[in-house]
$ cat my_file_27.cif   # mmCIF, C-alpha atoms
data_input
#
loop_
_atom_site.label_atom_id
_atom_site.label_comp_id
_atom_site.auth_asym_id
_atom_site.auth_seq_id
_atom_site.Cartn_x
_atom_site.Cartn_y
_atom_site.Cartn_z
CA MET T 1 -5.76 -3.09 -21.80
CA ASP T 2 -6.24 -1.35 -18.49
CA ARG T 3 -3.28 -2.17 -16.23
CA LEU T 4 -5.36 -2.44 -13.07
CA THR T 5 -8.37 -4.44 -14.21
CA ASP T 6 -7.16 -6.36 -17.25
CA GLU T 7 -10.18 -4.91 -19.06
CA LYS T 8 -9.95 -4.34 -22.78
CA SER T 9 -10.38 -0.85 -24.15
CA THR T 10 -13.66 0.06 -25.84
CA GLU T 11 -12.17 -0.39 -29.31
CA SER T 12 -10.75 -3.81 -28.44
CA ARG T 13 -14.06 -4.88 -26.93
CA MET T 14 -15.96 -3.88 -30.05
CA MET T 15 -13.62 -5.90 -32.25
CA SER T 16 -13.64 -8.90 -29.91
CA THR T 17 -16.21 -11.66 -30.38
CA SER T 18 -16.60 -12.18 -26.63
CA THR T 19 -18.88 -9.82 -24.75
CA ALA T 20 -17.81 -11.02 -21.29
CA LYS T 21 -16.42 -8.22 -19.12
CA THR T 22 -13.69 -8.82 -16.58
CA ILE T 23 -15.10 -7.97 -13.17
CA PHE T 24 -12.20 -9.17 -11.03
CA PRO T 25 -9.15 -7.06 -10.28
CA SER T 26 -5.87 -7.87 -11.97
CA LYS T 27 -2.96 -9.66 -10.35
CA LEU T 28 -1.33 -6.29 -9.66
CA ALA T 29 -4.41 -5.08 -7.78
CA TRP T 30 -4.59 -8.34 -5.83
CA SER T 31 -0.91 -7.99 -4.94
CA GLY T 32 -1.38 -4.40 -3.83
CA ALA T 33 -4.43 -5.22 -1.72
CA LEU T 34 -2.64 -8.15 -0.11
CA LEU T 35 0.49 -6.13 0.64
CA ILE T 36 -1.35 -3.19 2.22
CA ALA T 37 -3.58 -5.57 4.19
CA THR T 38 -0.40 -7.19 5.53
CA VAL T 39 0.87 -3.77 6.61
CA GLY T 40 -2.39 -3.26 8.49
CA LEU T 41 -2.21 -6.70 10.12
CA ILE T 42 1.35 -6.11 11.34
CA HIS T 43 0.31 -2.80 12.89
CA LEU T 44 -2.77 -4.39 14.44
CA LEU T 45 -0.57 -6.99 16.13
CA GLU T 46 1.77 -4.29 17.48
CA ALA T 47 -0.93 -1.76 18.52
CA PRO T 48 -1.61 -3.09 22.07
CA GLU T 49 2.08 -2.92 22.99
CA GLU T 50 2.41 0.58 21.53
CA LEU T 51 -0.72 1.78 23.35
CA GLU T 52 0.95 0.84 26.63
CA GLU T 53 4.24 2.57 25.74
CA ALA T 54 2.80 5.79 24.34
CA THR T 55 -0.91 6.32 23.77
CA TYR T 56 -0.43 8.58 20.76
CA LEU T 57 1.77 5.98 19.05
CA GLY T 58 -0.78 3.21 19.64
CA LEU T 59 -3.49 5.43 18.18
CA LEU T 60 -1.29 6.08 15.13
CA PHE T 61 -0.89 2.31 14.72
CA LEU T 62 -4.67 1.87 14.87
CA ALA T 63 -5.13 4.70 12.35
CA ASN T 64 -2.68 2.86 10.08
CA VAL T 65 -4.77 -0.31 10.43
CA GLY T 66 -7.93 1.57 9.46
CA GLY T 67 -6.24 3.27 6.52
CA ALA T 68 -4.79 -0.03 5.32
CA VAL T 69 -8.19 -1.75 5.44
CA VAL T 70 -9.90 1.06 3.53
CA ALA T 71 -7.02 1.16 1.02
CA ALA T 72 -7.17 -2.61 0.46
CA ILE T 73 -10.90 -2.39 -0.22
CA GLY T 74 -10.36 0.55 -2.59
CA ILE T 75 -7.60 -1.27 -4.45
CA TYR T 76 -9.69 -4.44 -4.71
CA ARG T 77 -12.56 -2.41 -6.19
CA ASN T 78 -10.16 -0.75 -8.67
CA TYR T 79 -10.34 2.76 -7.24
CA ARG T 80 -7.27 4.88 -7.84
CA TRP T 81 -7.68 6.57 -4.43
CA GLY T 82 -7.11 3.17 -2.78
CA TRP T 83 -3.57 3.14 -4.13
CA GLY T 84 -2.97 6.70 -2.93
CA LEU T 85 -4.28 5.94 0.55
CA GLY T 86 -2.18 2.77 0.64
CA ALA T 87 0.92 4.72 -0.37
CA LEU T 88 0.19 7.23 2.38
CA ALA T 89 -0.26 4.48 4.99
CA ALA T 90 2.80 2.48 3.90
CA GLY T 91 5.00 5.55 3.39
CA GLY T 92 3.95 7.06 6.70
CA ALA T 93 4.65 3.84 8.57
CA PHE T 94 8.03 3.49 6.85
CA ALA T 95 8.96 7.08 7.74
CA GLY T 96 7.75 6.60 11.31
CA TYR T 97 9.91 3.51 11.73
CA VAL T 98 13.00 5.30 10.44
CA ILE T 99 12.36 8.37 12.61
CA SER T 100 11.80 6.24 15.73
CA ARG T 101 15.16 4.52 15.10
CA THR T 102 17.21 7.63 14.31
CA ILE T 103 16.12 10.74 16.25
CA GLY T 104 13.37 9.09 18.31
CA LEU T 105 9.75 10.00 18.87
CA PRO T 106 8.48 12.41 21.56
CA GLY T 107 8.46 10.81 24.98
CA MET T 108 10.21 7.64 23.81
CA PRO T 109 13.82 6.51 23.60
CA VAL T 110 15.46 5.63 20.28
CA GLU T 111 14.48 2.03 19.51
CA ASP T 112 16.37 -0.96 18.11
CA TRP T 113 16.53 -1.29 14.31
CA LEU T 114 16.26 -5.07 14.10
CA GLU T 115 12.90 -5.76 15.71
CA PRO T 116 11.54 -8.73 13.66
CA LEU T 117 8.02 -7.41 13.00
CA GLY T 118 9.45 -3.97 12.30
CA VAL T 119 11.83 -5.30 9.67
CA LEU T 120 9.04 -7.38 8.12
CA SER T 121 6.86 -4.28 8.05
CA LEU T 122 9.59 -2.30 6.29
CA VAL T 123 9.94 -4.99 3.65
CA VAL T 124 6.17 -5.19 3.00
CA GLU T 125 5.80 -1.39 2.96
CA GLY T 126 8.72 -1.10 0.56
CA LEU T 127 7.20 -3.71 -1.74
CA PHE T 128 3.87 -1.88 -1.74
CA ILE T 129 5.50 1.48 -2.52
CA GLY T 130 7.53 -0.18 -5.28
CA LEU T 131 4.39 -1.69 -6.81
CA TRP T 132 2.58 1.63 -6.53
CA LEU T 133 5.44 3.41 -8.30
CA ALA T 134 5.63 0.70 -10.98
CA ILE T 135 1.95 1.18 -11.76
CA PHE T 136 1.53 4.95 -11.48
CA ALA T 137 4.95 6.48 -12.09
CA ARG T 138 5.74 4.85 -15.42
CA PRO T 139 7.25 7.15 -17.99
CA ALA T 140 4.99 8.17 -20.84
CA LYS T 141 5.26 6.17 -24.04
CA GLU T 142 7.94 7.35 -26.39
CA VAL T 143 6.82 9.97 -28.84
CA ARG T 144 8.07 9.45 -32.37
CA MET T 145 8.89 12.59 -34.25
CA ASP T 146 9.33 11.55 -37.90
#
$ encode --input "my_file_27.cif" --output "structure tokens"
Amino acid sequence: MDRLTDEKSTESRMMSTSTAKTIFPSKLAWSGALLIATVGLIHLLEAPEELEEATYLGLLFLANVGGAVVAAIGIYRNYRWGWGLGALAAGGAFAGYVISRTIGLPGMPVEDWLEPLGVLSLVVEGLFIGLWLAIFARPAKEVRMD
């Protein structure tokens, strides 16, 4: 079975009596799309405040929103690139949060670590990256050498 779509392989389909094809994404794809959409929503809520503080940062937040929306659509439609774009958006946001709390961003002071939406964003981004790794970074099946 395909991990992303729950579709049976060609051989399994030929041996199966049912000819119905699964057209909906799997639970993993739904989870990924929901997580990356949540990342986008959090950044959309924070974008107006960030636009006032530093224009470039607000624009980065809006770019993250756009990337998250496109990634969620790609994941929902079972495109592999959707996962990659989502990993880029979530990983970039995670890195940006850490950088802004450690060395600071240009033109801005070092910010507080425990901002509620920031912590929530870190958790959701971490969950998405973990799901992405669980799906795409699995070790190859064991090879038996008899």
$ atom_distance --input "my_file_27.cif" --atom1 "atom CA of Ala87 of chain T" --atom2 "atom CA of Ile129 of chain T"
6.0 Å
$ closest_atom_pairs --input "my_file_27.cif" --of "segment 62-97 of chain T" --to "segment 52-57 of chain T" --cutoff "12 Å" --atoms "only C-alpha atoms" --output "tab-separated table"
residue	atom	partner	partner_atom	distance
T:Leu62	CA	T:Leu57	CA	8.7
T:Ala63	CA	T:Leu57	CA	9.7
T:Asn64	CA	T:Leu57	CA	10.5
T:Ala93	CA	T:Leu57	CA	11.1
T:Gly96	CA	T:Leu57	CA	9.8
T:Tyr97	CA	T:Leu57	CA	11.2
$ residues_around --input "my_file_27.cif" --residues "segment 113-122 of chain T" --least-positions-apart "6" --cutoff "8 Å" --atoms "all atoms listed in the file" --output "number ranges by chain"
T: 39, 42, 94, 97, 101
$ write_last_selection --input "my_file_27.cif" --atoms "C-alpha atoms" --output "mmCIF file, in the frame of the given file"
data_model
loop_
_atom_site.group_PDB
_atom_site.id
_atom_site.type_symbol
_atom_site.label_atom_id
_atom_site.label_comp_id
_atom_site.auth_asym_id
_atom_site.auth_seq_id
_atom_site.Cartn_x
_atom_site.Cartn_y
_atom_site.Cartn_z
ATOM 1 C CA VAL T 39 0.870 -3.770 6.610
ATOM 2 C CA ILE T 42 1.350 -6.110 11.340
ATOM 3 C CA PHE T 94 8.030 3.490 6.850
ATOM 4 C CA TYR T 97 9.910 3.510 11.730
ATOM 5 C CA ARG T 101 15.160 4.520 15.100
#
$ axis_aligned_box --input "my_file_27.cif" --around "segment 38-56 of chain T" --padding-each-side "5 Å" --output "AutoDock Vina command-line options"
--center_x 0.7 --center_y 0.7 --center_z 16.1 --size_x 17.0 --size_y 25.8 --size_z 31.1
$ atom_distance --input "my_file_27.cif" --atom1 "atom CA of Leu41 of chain T" --atom2 "atom CA of Arg138 of chain T"
29.1 Å
$ atom_distance --input "my_file_27.cif" --atom1 "atom CA of Gly86 of chain T" --atom2 "atom CA of Ala29 of chain T"
11.7 Å
$ closest_residue --input "my_file_27.cif" --among "T:Gly32, T:Pro48, T:Gly107, T:Gly58" --to "Asn78 of chain T" --atoms "only C-alpha atoms"
T:Gly32
$ resolve_selection --input "my_file_27.cif" --expression "the PyMOL selection byres ((chain T and resi 71) around 7)" --output "number ranges by chain"
T: 67-70, 72-75, 82-83, 85-86
$ write_last_selection --input "my_file_27.cif" --atoms "C-alpha atoms" --output "PDB file, in the coordinates of the input"
ATOM      1  CA  GLY T  67      -6.240   3.270   6.520  1.00  0.00           C
ATOM      2  CA  ALA T  68      -4.790  -0.030   5.320  1.00  0.00           C
ATOM      3  CA  VAL T  69      -8.190  -1.750   5.440  1.00  0.00           C
ATOM      4  CA  VAL T  70      -9.900   1.060   3.530  1.00  0.00           C
ATOM      5  CA  ALA T  72      -7.170  -2.610   0.460  1.00  0.00           C
ATOM      6  CA  ILE T  73     -10.900  -2.390  -0.220  1.00  0.00           C
ATOM      7  CA  GLY T  74     -10.360   0.550  -2.590  1.00  0.00           C
ATOM      8  CA  ILE T  75      -7.600  -1.270  -4.450  1.00  0.00           C
ATOM      9  CA  GLY T  82      -7.110   3.170  -2.780  1.00  0.00           C
ATOM     10  CA  TRP T  83      -3.570   3.140  -4.130  1.00  0.00           C
ATOM     11  CA  LEU T  85      -4.280   5.940   0.550  1.00  0.00           C
ATOM     12  CA  GLY T  86      -2.180   2.770   0.640  1.00  0.00           C
TER      13      GLY T  86
END
$ closest_residue --input "my_file_27.cif" --among "T:Ala90, T:Gly84, T:Tyr76, T:Leu44" --to "Val123 of chain T" --atoms "only C-alpha atoms"
T:Ala90
$ residues_around --input "my_file_27.cif" --residues "Val110 of chain T" --least-positions-apart "6" --cutoff "10 Å" --atoms "all atoms listed in the file" --output "list of chain:residue names"
T:Ile99, T:Ser100, T:Arg101, T:Thr102, T:Ile103, T:Gly104
$ closest_residue --input "my_file_27.cif" --among "T:Ala95, T:Val65, T:Leu45, T:Leu131" --to "Trp30 of chain T" --atoms "only C-alpha atoms"
T:Leu131
$ build_atoms --input "my_file_27.cif" --residues "segment 119-131 of chain T" --atoms "N, CA and C atoms" --output "mmCIF file, keeping the file's coordinate frame"
data_model
loop_
_atom_site.group_PDB
_atom_site.id
_atom_site.type_symbol
_atom_site.label_atom_id
_atom_site.label_comp_id
_atom_site.auth_asym_id
_atom_site.auth_seq_id
_atom_site.Cartn_x
_atom_site.Cartn_y
_atom_site.Cartn_z
ATOM 1 N N VAL T 119 11.112 -5.044 10.918
ATOM 2 C CA VAL T 119 11.830 -5.300 9.670
ATOM 3 C C VAL T 119 10.881 -5.876 8.626
ATOM 4 N N LEU T 120 10.029 -6.814 9.043
ATOM 5 C CA LEU T 120 9.040 -7.380 8.120
ATOM 6 C C LEU T 120 8.126 -6.280 7.589
ATOM 7 N N SER T 121 7.711 -5.390 8.473
ATOM 8 C CA SER T 121 6.860 -4.280 8.050
ATOM 9 C C SER T 121 7.556 -3.394 7.030
ATOM 10 N N LEU T 122 8.837 -3.100 7.258
ATOM 11 C CA LEU T 122 9.590 -2.300 6.290
ATOM 12 C C LEU T 122 9.642 -2.966 4.928
ATOM 13 N N VAL T 123 9.858 -4.261 4.915
ATOM 14 C CA VAL T 123 9.940 -4.990 3.650
ATOM 15 C C VAL T 123 8.592 -4.923 2.913
ATOM 16 N N VAL T 124 7.504 -5.190 3.625
ATOM 17 C CA VAL T 124 6.170 -5.190 3.000
ATOM 18 C C VAL T 124 5.802 -3.785 2.532
ATOM 19 N N GLU T 125 6.091 -2.773 3.355
ATOM 20 C CA GLU T 125 5.800 -1.390 2.960
ATOM 21 C C GLU T 125 6.621 -0.995 1.739
ATOM 22 N N GLY T 126 7.881 -1.387 1.716
ATOM 23 C CA GLY T 126 8.720 -1.100 0.560
ATOM 24 C C GLY T 126 8.213 -1.768 -0.704
ATOM 25 N N LEU T 127 7.762 -3.012 -0.580
ATOM 26 C CA LEU T 127 7.200 -3.710 -1.740
ATOM 27 C C LEU T 127 5.943 -3.021 -2.249
ATOM 28 N N PHE T 128 5.093 -2.574 -1.320
ATOM 29 C CA PHE T 128 3.870 -1.880 -1.740
ATOM 30 C C PHE T 128 4.215 -0.585 -2.465
ATOM 31 N N ILE T 129 5.122 0.212 -1.884
ATOM 32 C CA ILE T 129 5.500 1.480 -2.520
ATOM 33 C C ILE T 129 6.129 1.218 -3.887
ATOM 34 N N GLY T 130 6.945 0.177 -3.994
ATOM 35 C CA GLY T 130 7.530 -0.180 -5.280
ATOM 36 C C GLY T 130 6.484 -0.547 -6.315
ATOM 37 N N LEU T 131 5.481 -1.318 -5.899
ATOM 38 C CA LEU T 131 4.390 -1.690 -6.810
ATOM 39 C C LEU T 131 3.587 -0.468 -7.213
#
